[in-house]
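Note: the block below is upload.cif and it holds mmCIF, C-alpha atoms.
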data_target
#
loop_
_atom_site.label_atom_id
_atom_site.label_comp_id
_atom_site.auth_asym_id
_atom_site.auth_seq_id
_atom_site.Cartn_x
_atom_site.Cartn_y
_atom_site.Cartn_z
CA MET A 1 0.00 0.00 0.00
CA ALA A 2 2.77 2.38 0.99
CA ALA A 3 4.63 1.62 -2.20
CA ALA A 4 1.46 2.23 -4.11
CA VAL A 5 1.01 5.63 -2.44
CA VAL A 6 4.57 6.59 -3.23
CA SER A 7 4.14 5.54 -6.81
CA GLY A 8 0.92 7.55 -6.92
CA VAL A 9 2.70 10.61 -5.61
CA ILE A 10 5.49 10.17 -8.08
CA VAL A 11 3.05 9.77 -10.90
CA VAL A 12 1.18 12.96 -10.08
CA ALA A 13 4.39 14.85 -9.36
CA SER A 14 5.95 13.90 -12.63
CA GLU A 15 2.71 14.70 -14.39
CA ALA A 16 2.75 18.12 -12.76
CA GLU A 17 6.35 18.63 -13.81
CA ALA A 18 5.45 17.75 -17.32
CA GLY A 19 2.62 20.27 -17.12
CA SER A 20 5.22 22.98 -16.31
CA SER A 21 3.99 23.45 -12.72
CA ASN A 22 5.62 21.58 -9.84
CA PHE A 23 3.59 22.01 -6.70
CA LEU A 24 6.80 22.22 -4.65
CA ILE A 25 7.95 25.26 -6.62
CA PRO A 26 6.40 28.48 -5.37
CA ASN A 27 4.51 30.67 -7.78
CA GLY A 28 2.63 33.94 -7.64
CA THR A 29 0.54 32.69 -4.74
CA PHE A 30 3.55 33.48 -2.57
CA PHE A 31 3.07 37.23 -2.91
CA PHE A 32 -0.67 37.13 -2.33
CA VAL A 33 -0.27 35.03 0.80
CA LEU A 34 2.49 37.35 1.99
CA ALA A 35 0.28 40.39 1.40
CA ILE A 36 -2.64 38.78 3.24
CA PHE A 37 -0.42 37.87 6.16
CA LEU A 38 1.10 41.35 6.34
CA ILE A 39 -2.42 42.80 6.58
CA VAL A 40 -3.24 40.34 9.38
CA PHE A 41 0.05 41.19 11.08
CA GLY A 42 -0.64 44.92 10.88
CA VAL A 43 -4.15 44.58 12.25
CA ILE A 44 -3.09 42.27 15.07
CA ALA A 45 -0.13 44.44 16.02
CA LYS A 46 -2.28 47.57 16.12
CA PHE A 47 -5.67 46.33 17.27
CA VAL A 48 -4.89 43.21 19.31
CA VAL A 49 -1.45 43.01 20.86
CA ALA A 50 -1.21 46.68 21.78
CA PRO A 51 -4.61 46.88 23.54
CA VAL A 52 -4.17 43.46 25.12
CA GLN A 53 -0.80 44.49 26.51
CA LYS A 54 -2.36 47.69 27.76
CA VAL A 55 -5.13 45.68 29.38
CA LEU A 56 -2.63 43.31 30.97
CA GLU A 57 -0.54 46.20 32.27
CA GLU A 58 -3.64 47.91 33.58
CA ARG A 59 -4.74 44.72 35.28
CA ASP A 60 -1.29 44.17 36.77
CA ARG A 61 -1.40 47.74 38.00
CA LEU A 62 -4.83 47.18 39.53
CA VAL A 63 -3.68 43.96 41.18
CA ALA A 64 -0.58 45.65 42.54
CA GLN A 65 -2.68 48.61 43.68
CA THR A 66 -5.12 46.30 45.43
CA ALA A 67 -2.29 44.39 47.09
CA LEU A 68 -0.78 47.69 48.20
CA ASP A 69 -4.15 48.88 49.51
CA ASN A 70 -4.60 45.61 51.35
CA ARG A 71 -1.18 45.88 52.92
CA ARG A 72 -1.78 49.49 53.87
CA ALA A 73 -5.17 48.63 55.35
CA ALA A 74 -3.62 45.77 57.31
CA GLU A 75 -0.92 48.11 58.57
CA GLU A 76 -3.51 50.69 59.58
CA ASP A 77 -5.53 47.99 61.25
CA ALA A 78 -2.49 46.78 63.16
CA ALA A 79 -1.62 50.36 64.14
CA ALA A 80 -5.17 50.97 65.33
CA GLU A 81 -5.06 47.73 67.27
CA ALA A 82 -1.76 48.70 68.87
CA GLY A 83 -3.11 52.19 69.66
CA PHE A 84 -6.21 50.67 71.16
CA LYS A 85 -4.13 48.34 73.30
CA GLN A 86 -1.90 51.25 74.33
CA GLU A 87 -4.94 53.32 75.25
CA LEU A 88 -6.42 50.42 77.10
CA LEU A 89 -3.20 49.90 79.02
CA SER A 90 -2.86 53.56 79.99
CA ALA A 91 -6.54 53.71 80.91
CA ARG A 92 -6.11 50.65 83.02
CA SER A 93 -3.08 52.05 84.83
CA GLN A 94 -4.90 55.37 85.24
CA ALA A 95 -7.87 53.54 86.69
CA GLY A 96 -5.56 51.63 89.02
CA GLY A 97 -3.98 54.93 90.15
CA LEU A 98 -7.40 56.44 90.73
CA ARG A 99 -8.47 53.39 92.63
CA ASP A 100 -5.37 53.53 94.84
CA GLN A 101 -5.87 57.25 95.40
CA ALA A 102 -9.50 56.72 96.31
CA ARG A 103 -8.56 53.93 98.60
CA SER A 104 -5.91 56.05 100.41
CA GLN A 105 -8.31 58.99 100.57
CA GLY A 106 -10.96 56.76 102.01
CA ARG A 107 -8.52 55.39 104.50
CA ALA A 108 -7.49 58.93 105.50
CA VAL A 109 -11.10 59.95 105.95
CA ALA A 110 -11.79 56.84 107.97
CA ASP A 111 -8.71 57.50 110.12
CA ASP A 112 -9.76 61.09 110.64
CA LEU A 113 -13.24 60.05 111.62
CA ARG A 114 -11.92 57.35 113.86
CA ALA A 115 -9.55 59.78 115.56
CA GLU A 116 -12.37 62.28 115.93
CA ALA A 117 -14.62 59.62 117.36
CA THR A 118 -11.93 58.48 119.77
CA GLY A 119 -11.48 62.08 120.95
CA GLU A 120 -15.18 62.46 121.37
CA VAL A 121 -15.38 59.23 123.29
CA SER A 122 -12.62 60.28 125.67
CA ASP A 123 -14.24 63.70 126.06
CA LYS A 124 -17.53 62.08 126.83
CA LEU A 125 -15.86 59.73 129.29
CA ARG A 126 -14.12 62.56 131.03
CA GLU A 127 -17.29 64.61 131.19
CA ALA A 128 -19.22 61.69 132.51
CA SER A 129 -16.65 60.91 135.18
CA GLU A 130 -16.57 64.56 136.17
CA ASP A 131 -20.35 64.60 136.36
CA LEU A 132 -20.27 61.51 138.43
CA LYS A 133 -17.67 63.02 140.72
CA VAL A 134 -19.71 66.21 141.09
CA GLN A 135 -22.85 64.24 141.73
CA GLY A 136 -21.02 62.03 144.20
CA GLU A 137 -19.64 65.03 145.98
CA SER A 138 -23.03 66.70 146.03
CA LEU A 139 -24.67 63.55 147.35
CA ALA A 140 -22.05 62.84 150.01
CA PRO A 141 -23.23 65.40 152.72
CA SER A 142 -26.89 64.30 152.49
CA LEU A 143 -25.78 60.73 152.77
CA ASP A 144 -23.59 61.64 155.70
CA ALA A 145 -26.62 63.23 157.35
CA SER A 146 -28.76 60.18 156.95
CA LEU A 147 -25.89 58.04 158.20
CA ASP A 148 -26.80 58.76 161.84
CA ASN A 149 -30.38 57.55 161.64
CA LEU A 150 -29.43 54.61 159.59
CA SER A 151 -26.73 53.50 161.93
CA MET A 152 -29.08 53.98 164.91
CA ALA A 153 -31.83 52.01 163.21
CA LEU A 154 -29.38 49.29 162.47
CA ALA A 155 -28.07 49.24 165.95
CA ASN A 156 -31.64 49.17 167.38
CA ARG A 157 -32.50 46.32 165.10
CA ILE A 158 -29.46 44.51 166.26
CA LEU A 159 -30.25 45.23 169.90
CA GLY A 160 -33.90 44.31 169.37
CA LEU A 161 -35.27 47.54 170.64
CA ASP A 162 -38.50 48.93 169.38
CA ALA A 163 -37.85 51.60 167.09
CA ASP A 164 -40.21 53.95 168.80
CA THR A 165 -38.88 53.29 172.22
CA ALA A 166 -35.41 53.33 170.93
CA SER A 167 -36.03 56.52 169.26
CA ALA A 168 -37.76 57.80 172.40
CA ALA A 169 -34.83 56.65 174.43
CA THR A 170 -32.57 58.23 172.06
CA VAL A 171 -34.54 61.35 172.21
CA GLU A 172 -34.51 61.13 175.98
CA ARG A 173 -30.86 60.45 176.11
CA ARG A 174 -30.32 63.31 173.95
CA LYS A 175 -32.30 65.36 176.27
CA MET J 176 -1.62 -4.68 -7.29
CA VAL J 177 -3.35 -3.34 -10.34
CA ASN J 178 -6.55 -3.03 -8.39
CA ALA J 179 -4.71 -1.19 -5.63
CA THR J 180 -2.89 1.15 -7.95
CA LEU J 181 -6.00 2.25 -9.75
CA PRO J 182 -7.77 4.12 -6.89
CA VAL J 183 -4.49 5.27 -5.37
CA SER J 184 -3.45 7.00 -8.54
CA SER J 185 -6.69 8.93 -8.35
CA ILE J 186 -5.40 10.72 -5.24
CA GLU J 187 -4.58 14.20 -6.38
CA VAL J 188 -1.39 15.29 -4.62
CA GLY J 189 -0.56 18.93 -4.70
CA HIS J 190 -3.25 19.67 -7.17
CA HIS J 191 -4.37 23.29 -7.20
CA THR J 192 -6.88 25.23 -9.19
CA THR J 193 -4.90 27.98 -10.82
CA ALA J 194 -5.55 31.30 -12.44
CA THR J 195 -3.41 34.14 -13.74
CA TRP J 196 -3.53 37.29 -11.61
CA LEU J 197 -1.29 40.28 -12.28
CA GLY J 198 0.63 38.19 -14.77
CA MET J 199 1.42 35.51 -12.19
CA THR J 200 0.15 31.98 -11.91
CA VAL J 201 -1.65 31.72 -8.59
CA ASN J 202 -3.29 28.85 -6.75
CA THR J 203 -6.74 30.26 -6.22
CA ASP J 204 -7.82 27.57 -3.74
CA THR J 205 -4.90 28.44 -1.49
CA ILE J 206 -5.59 32.15 -1.78
CA TYR J 207 -9.28 31.73 -0.99
CA ALA J 208 -8.51 29.54 2.02
CA THR J 209 -5.83 31.98 3.16
CA ALA J 210 -8.22 34.88 2.74
CA LEU J 211 -10.85 33.02 4.73
CA ALA J 212 -8.35 32.33 7.52
CA ALA J 213 -7.34 35.98 7.44
CA ALA J 214 -10.99 37.04 7.54
CA VAL J 215 -11.67 34.86 10.59
CA THR J 216 -8.56 36.23 12.31
CA LEU J 217 -9.50 39.81 11.45
CA VAL J 218 -13.06 39.34 12.68
CA LEU J 219 -11.68 38.02 15.98
CA ALA J 220 -9.32 41.00 16.11
CA PHE J 221 -12.09 43.54 15.47
CA ILE J 222 -14.40 41.90 17.99
CA LEU J 223 -11.64 42.31 20.54
CA ARG J 224 -11.05 45.90 19.43
CA ALA J 225 -14.72 46.72 19.93
CA LYS J 226 -15.10 45.14 23.34
CA VAL J 227 -11.66 45.25 24.94
CA THR J 228 -11.85 46.06 28.64
CA SER J 229 -9.45 46.12 31.53
CA THR J 230 -11.86 46.59 34.40
CA GLY J 231 -15.04 44.83 33.25
CA VAL J 232 -15.59 41.16 32.57
CA PRO J 233 -13.55 40.22 29.50
CA SER J 234 -15.37 38.53 26.64
CA GLY J 235 -14.44 35.10 25.33
CA VAL J 236 -12.67 36.64 22.36
CA GLN J 237 -10.63 38.82 24.67
CA LEU J 238 -9.75 35.82 26.82
CA PHE J 239 -8.57 34.00 23.71
CA TRP J 240 -6.34 36.87 22.62
CA GLU J 241 -5.13 37.43 26.15
CA ALA J 242 -4.25 33.77 26.57
CA VAL J 243 -2.30 33.75 23.30
CA THR J 244 -0.58 37.04 24.05
CA VAL J 245 0.34 36.05 27.60
CA GLN J 246 1.65 32.68 26.47
CA MET J 247 3.73 34.19 23.66
CA ARG J 248 4.90 37.05 25.84
CA GLY J 249 6.13 34.51 28.37
CA GLN J 250 8.03 32.66 25.65
CA VAL J 251 9.55 35.87 24.26
CA GLN J 252 10.48 37.10 27.71
CA SER J 253 12.13 33.86 28.77
CA SER J 254 14.21 33.55 25.61
CA MET J 255 15.15 37.08 24.60
CA GLY J 256 13.32 39.76 26.56
CA LEU J 257 10.63 42.03 25.19
CA SER J 258 12.73 45.12 24.68
CA LEU J 259 15.21 43.79 22.09
CA ALA J 260 12.74 43.61 19.21
CA PRO J 261 9.34 44.99 20.13
CA PHE J 262 7.67 43.71 16.96
CA VAL J 263 8.45 40.07 17.78
CA LEU J 264 5.47 39.68 20.08
CA PRO J 265 2.85 40.90 17.58
CA LEU J 266 4.59 38.89 14.88
CA VAL J 267 4.47 35.60 16.74
CA VAL J 268 0.92 36.23 17.97
CA SER J 269 -0.14 36.89 14.36
CA LEU J 270 1.76 33.84 13.11
CA PHE J 271 0.30 31.56 15.75
CA VAL J 272 -3.31 32.62 15.35
CA PHE J 273 -3.16 32.92 11.59
CA ILE J 274 -1.56 29.48 11.12
CA LEU J 275 -3.90 27.99 13.70
CA VAL J 276 -7.00 29.31 11.97
CA ALA J 277 -5.58 28.35 8.57
CA ASN J 278 -4.97 24.79 9.78
CA TRP J 279 -8.34 24.54 11.42
CA ILE J 280 -10.48 25.77 8.54
CA SER J 281 -10.11 22.32 7.01
CA VAL J 282 -11.68 20.70 10.07
CA LEU J 283 -15.05 20.34 8.39
CA PRO J 284 -14.90 17.01 6.60
CA VAL J 285 -16.41 18.48 3.46
CA GLN J 286 -15.07 16.63 0.49
CA TYR J 287 -16.27 16.46 -3.05
CA THR J 288 -15.39 14.28 -5.96
CA SER J 289 -14.21 16.17 -8.98
CA ALA J 290 -15.23 15.32 -12.51
CA ASP J 291 -12.22 13.07 -13.02
CA GLY J 292 -12.96 10.98 -9.90
CA ALA J 293 -10.50 12.55 -7.48
CA THR J 294 -11.63 13.23 -3.91
CA LEU J 295 -10.91 16.80 -2.96
CA GLU J 296 -11.55 18.85 0.13
CA LEU J 297 -13.72 21.90 -0.20
CA LEU J 298 -11.38 23.92 1.99
CA LYS J 299 -7.82 22.78 1.74
CA PRO J 300 -5.59 23.99 4.57
CA PRO J 301 -3.42 26.73 3.04
CA ALA J 302 -0.35 25.30 4.76
CA SER J 303 -0.54 22.34 2.38
CA ASP J 304 0.60 24.77 -0.31
CA ILE J 305 4.33 25.46 -0.40
CA ASN J 306 3.66 29.13 -1.21
CA PHE J 307 1.93 29.73 2.11
CA VAL J 308 4.64 28.21 4.29
CA LEU J 309 7.46 29.77 2.26
CA ALA J 310 5.89 33.20 2.48
CA LEU J 311 5.66 32.99 6.26
CA ALA J 312 9.06 31.35 6.78
CA LEU J 313 10.90 33.79 4.51
CA LEU J 314 9.19 36.71 6.19
CA VAL J 315 10.39 35.39 9.54
CA PHE J 316 13.86 34.77 8.07
CA ILE J 317 14.16 38.34 6.81
CA CYS J 318 12.72 39.81 10.00
CA TYR J 319 15.04 38.04 12.40
CA HIS J 320 18.10 38.77 10.30
CA THR J 321 17.04 42.41 10.16
CA ALA J 322 16.76 42.38 13.94
CA GLY J 323 20.20 40.74 14.12
CA PHE J 324 21.77 43.38 11.88
CA ARG J 325 20.22 46.12 13.95
CA ARG J 326 21.55 44.54 17.12
CA SER J 327 25.10 43.57 16.11
CA GLY J 328 25.85 45.88 13.19
CA ILE J 329 26.33 45.43 9.43
CA ILE J 330 29.75 43.82 9.87
CA GLY J 331 29.38 42.32 13.31
CA TYR J 332 26.21 40.36 12.65
CA PRO J 333 27.42 38.20 9.69
CA ILE J 334 30.62 37.47 11.61
CA LYS J 335 28.61 36.50 14.68
CA VAL J 336 26.30 34.25 12.64
CA ALA J 337 29.21 32.51 10.90
CA LYS J 338 31.30 32.15 14.01
CA GLY J 339 28.53 30.97 16.27
CA HIS J 340 29.87 29.70 19.55
CA VAL J 341 32.97 27.98 18.16
CA ALA J 342 34.85 29.47 15.22
CA PHE J 343 35.82 26.25 13.41
CA LEU J 344 32.17 25.25 13.05
CA ALA J 345 31.54 28.22 10.73
CA PRO J 346 30.60 26.10 7.66
CA ILE J 347 28.10 24.14 9.72
CA ASN J 348 26.70 27.36 11.12
CA LEU J 349 26.16 28.68 7.60
CA VAL J 350 24.40 25.48 6.54
CA GLU J 351 22.28 25.67 9.68
CA GLU J 352 21.35 29.25 8.87
CA ILE J 353 20.19 28.26 5.39
CA ALA J 354 18.38 25.24 6.79
CA LYS J 355 16.36 27.36 9.20
CA PRO J 356 13.79 28.81 6.77
CA ILE J 357 13.66 25.54 4.85
CA SER J 358 13.02 23.44 7.93
CA LEU J 359 10.63 26.02 9.35
CA SER J 360 8.52 26.04 6.18
CA LEU J 361 8.75 22.37 5.30
CA ARG J 362 7.91 21.20 8.81
CA LEU J 363 4.56 22.98 8.66
CA PHE J 364 4.04 22.07 5.03
CA GLY J 365 4.81 18.38 5.59
CA ASN J 366 2.51 18.01 8.57
CA ILE J 367 -0.48 19.67 6.95
CA PHE J 368 0.18 18.20 3.52
CA ALA J 369 0.29 14.75 5.11
CA GLY J 370 -3.11 15.48 6.59
CA VAL J 371 -4.49 16.20 3.13
CA ILE J 372 -3.02 12.98 1.78
CA MET J 373 -4.48 11.08 4.72
CA VAL J 374 -7.92 12.47 3.94
CA GLY J 375 -7.46 11.41 0.31
CA LEU J 376 -6.51 7.91 1.42
CA ILE J 377 -9.38 7.64 3.87
CA ALA J 378 -11.73 8.76 1.11
CA LEU J 379 -10.82 5.57 -0.77
CA LEU J 380 -12.58 3.53 1.92
CA PRO J 381 -16.16 2.44 1.33
CA THR J 382 -18.64 5.11 2.35
CA TYR J 383 -20.27 3.05 5.12
CA ILE J 384 -17.01 2.88 7.11
CA MET J 385 -15.21 5.99 5.87
CA TRP J 386 -16.73 8.31 8.47
CA ALA J 387 -14.97 6.61 11.41
CA PRO J 388 -11.32 7.04 10.38
CA ASN J 389 -12.22 10.39 8.87
CA ALA J 390 -13.62 11.67 12.16
CA LEU J 391 -10.65 10.26 14.03
CA TRP J 392 -8.18 11.76 11.61
CA LYS J 393 -9.84 15.18 11.54
CA THR J 394 -9.73 15.23 15.34
CA PHE J 395 -6.06 14.38 15.34
CA ASP J 396 -5.52 16.91 12.57
CA LEU J 397 -6.87 19.61 14.88
CA PHE J 398 -4.18 18.68 17.37
CA VAL J 399 -1.50 18.61 14.67
CA GLY J 400 -2.65 22.01 13.43
CA LEU J 401 -2.42 23.47 16.92
CA ILE J 402 0.97 21.95 17.63
CA GLN J 403 2.41 23.05 14.29
CA ALA J 404 1.15 26.60 14.73
CA PHE J 405 2.69 26.68 18.19
CA ILE J 406 5.99 25.22 16.97
CA PHE J 407 6.16 27.75 14.15
CA ALA J 408 5.67 30.62 16.60
CA LEU J 409 8.07 29.10 19.13
CA LEU J 410 10.83 28.59 16.57
CA THR J 411 10.32 32.13 15.34
CA ILE J 412 11.00 33.35 18.86
CA LEU J 413 14.04 31.09 19.14
CA TYR J 414 15.48 32.34 15.84
CA PHE J 415 14.93 35.92 16.95
CA SER J 416 16.63 35.26 20.26
CA GLN J 417 19.59 33.62 18.52
CA ALA J 418 19.89 36.51 16.09
CA THR J 419 19.71 39.19 18.76
CA GLU J 420 21.87 37.63 21.44
CA THR J 421 25.34 39.11 21.97
CA GLN J 422 28.53 37.52 23.16
CA ASP J 423 28.44 39.10 26.58
CA ALA J 424 24.82 38.08 27.07
CA HIS J 425 25.63 34.40 27.43
CA HIS J 426 24.70 32.84 30.67
#
Entire entry expressed as structure tokens:
Amino acid sequence: MAAAVVSGVIVVASEAEAGSSNFLIPNGTFFFVLAIFLIVFGVIAKFVVAPVQKVLEERDRLVAQTALDNRRAAEEDAAAEAGFKQELLSARSQAGGLRDQARSQGRAVADDLRAEATGEVSDKLREASEDLKVQGESLAPSLDASLDNLSMALANRILGLDADTASAATVERRK
Amino acid sequence: MVNATLPVSSIEVGHHTTATWLGMTVNTDTIYATALAAAVTLVLAFILRAKVTSTGVPSGVQLFWEAVTVQMRGQVQSSMGLSLAPFVLPLVVSLFVFILVANWISVLPVQYTSADGATLELLKPPASDINFVLALALLVFICYHTAGFRRSGIIGYPIKVAKGHVAFLAPINLVEEIAKPISLSLRLFGNIFAGVIMVGLIALLPTYIMWAPNALWKTFDLFVGLIQAFIFALLTILYFSQATETQDAHH
């Protein structure tokens, strides 16, 4: 079969050669094909490759821009986060300071009040003891006066004397 | 053997419908197919031009062009850098898409039998015509040598090309330089031309079974067309990078 094909090719080729046109020898078609291709080349260079390259560049630029924006946004985000943490930390320490201050102030106030109260208590104690002393002193003479009768009554009771007689006797003795 | 030879000889290899335009013999089928490929490419280009956007949702056409441009830009950047020859990127993008569309316009398995019994495709891939591949390869050849001259100077560039990396290999370097456009064009030509021959061979099968290998082959031909378009563009980049590299730029 292969030999037959080859012989067929040779037959046609030699026929073509005899007919003054070998299909392996270029003819005028060359120039027409060249012209057609040059038109295609011109159109593609001007209307395809140039705009496509522009589009690709533009897209690369957009991608790069987006990446840059993303990075910048991430940086800003991180900075904001750090600032927030910083603020939080300072606020916390400030709050701690305030708390300590309040606590010390409270303690001072409590101490003051306690001291005041202690003073008041001692004042009151002193006053009360003085009152008591004054009262005791004022009561002492009247008690001394009633001491006589009391001691006599006691003695009578011990001696078993009637109070009236005793008192009469007493009165008599006094007389 | 006689029975086998009879249908095989009816395969038309390299047959073109010709006409005389501007005093030149031209293969009209190739030119029509090339023009159709160019029209498809241009329509895609103008759709992109009308709807190109950098901030909105890109259309499918834009995604296609972007994918091709990004891929080719990566290749150019990794082998020579974009700044050395700024027209390389549009050139390889045009080459890739144009060759791809040209290879793929023959995907429709539309074949007809001519009056003399030969099975022909309605749309033959233009790359199965030597004119198409030579036009592209020679254009690339001239362009990368121009870039080389501009980079290394009128005197310096031929010396650099001949000397290559080792001076005593100069004859081989010259042969290699001549082989470049030939291999570049014939690689594409051979692959696509083989596809046409395959279709002709498959067409010899009885009709009730022909569709299966035809569908299989057309599918594979899509892959071949893609790969060949990519290789053409890739080699173009490589030739440009070889032409524009300088001695001190070796790494």
Care to translate the PyMOL selection byres ((chain J and resi 388-401) around 7) into actual residues of this file, as a VMD selection string? chain J and resid 275 278 to 279 282 370 374 377 385 to 387 402 to 405
Given the PyMOL selection byres ((chain J) within 8 of (chain A)) and the file above, list the residues it selects as JSON, numbers by chain. {"J": [179, 180, 183, 184, 185, 186, 187, 188, 189, 190, 199, 200, 201, 202, 203, 205, 206, 209, 210, 213, 216, 217, 220, 221, 223, 224, 227, 228, 229, 230, 237, 240, 241, 244, 262, 264, 265, 266, 268, 269, 270, 273, 304, 305, 306, 307, 309, 310, 311, 314]}
Rank nothing, just name the residue among J:Ala322, J:Leu313, J:Val341, J:Val236 nearest to Ala354 (chain J), using all atoms listed in the file.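 Under the stated criterion, the closest residue is J:Leu313.
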May I ask for the distance between CA of Val267 (chain J) and CA of Ala418 (chain J), given in Å to one decimal place?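 Atom-to-atom, CA of Val267 (chain J) to CA of Ala418 (chain J), that is 15.5 Å.
Note that CA of Val121 (chain A) and CA of Lys133 (chain A) are 18.0 Å apart.
With all atoms listed in the file taken into account, the protein and nucleic acid residues at most 12 Å from Val350 (chain J) (excluding it and anything under 5 positions from it in its own chain) are Val336, Ala337, Gly339, Leu344, Ala345, Lys355, Pro356, Ile357 and Ser358 of chain J.
When CA of Leu125 (chain A) is paired with CA of Leu113 (chain A), their separation reads 17.9 Å.
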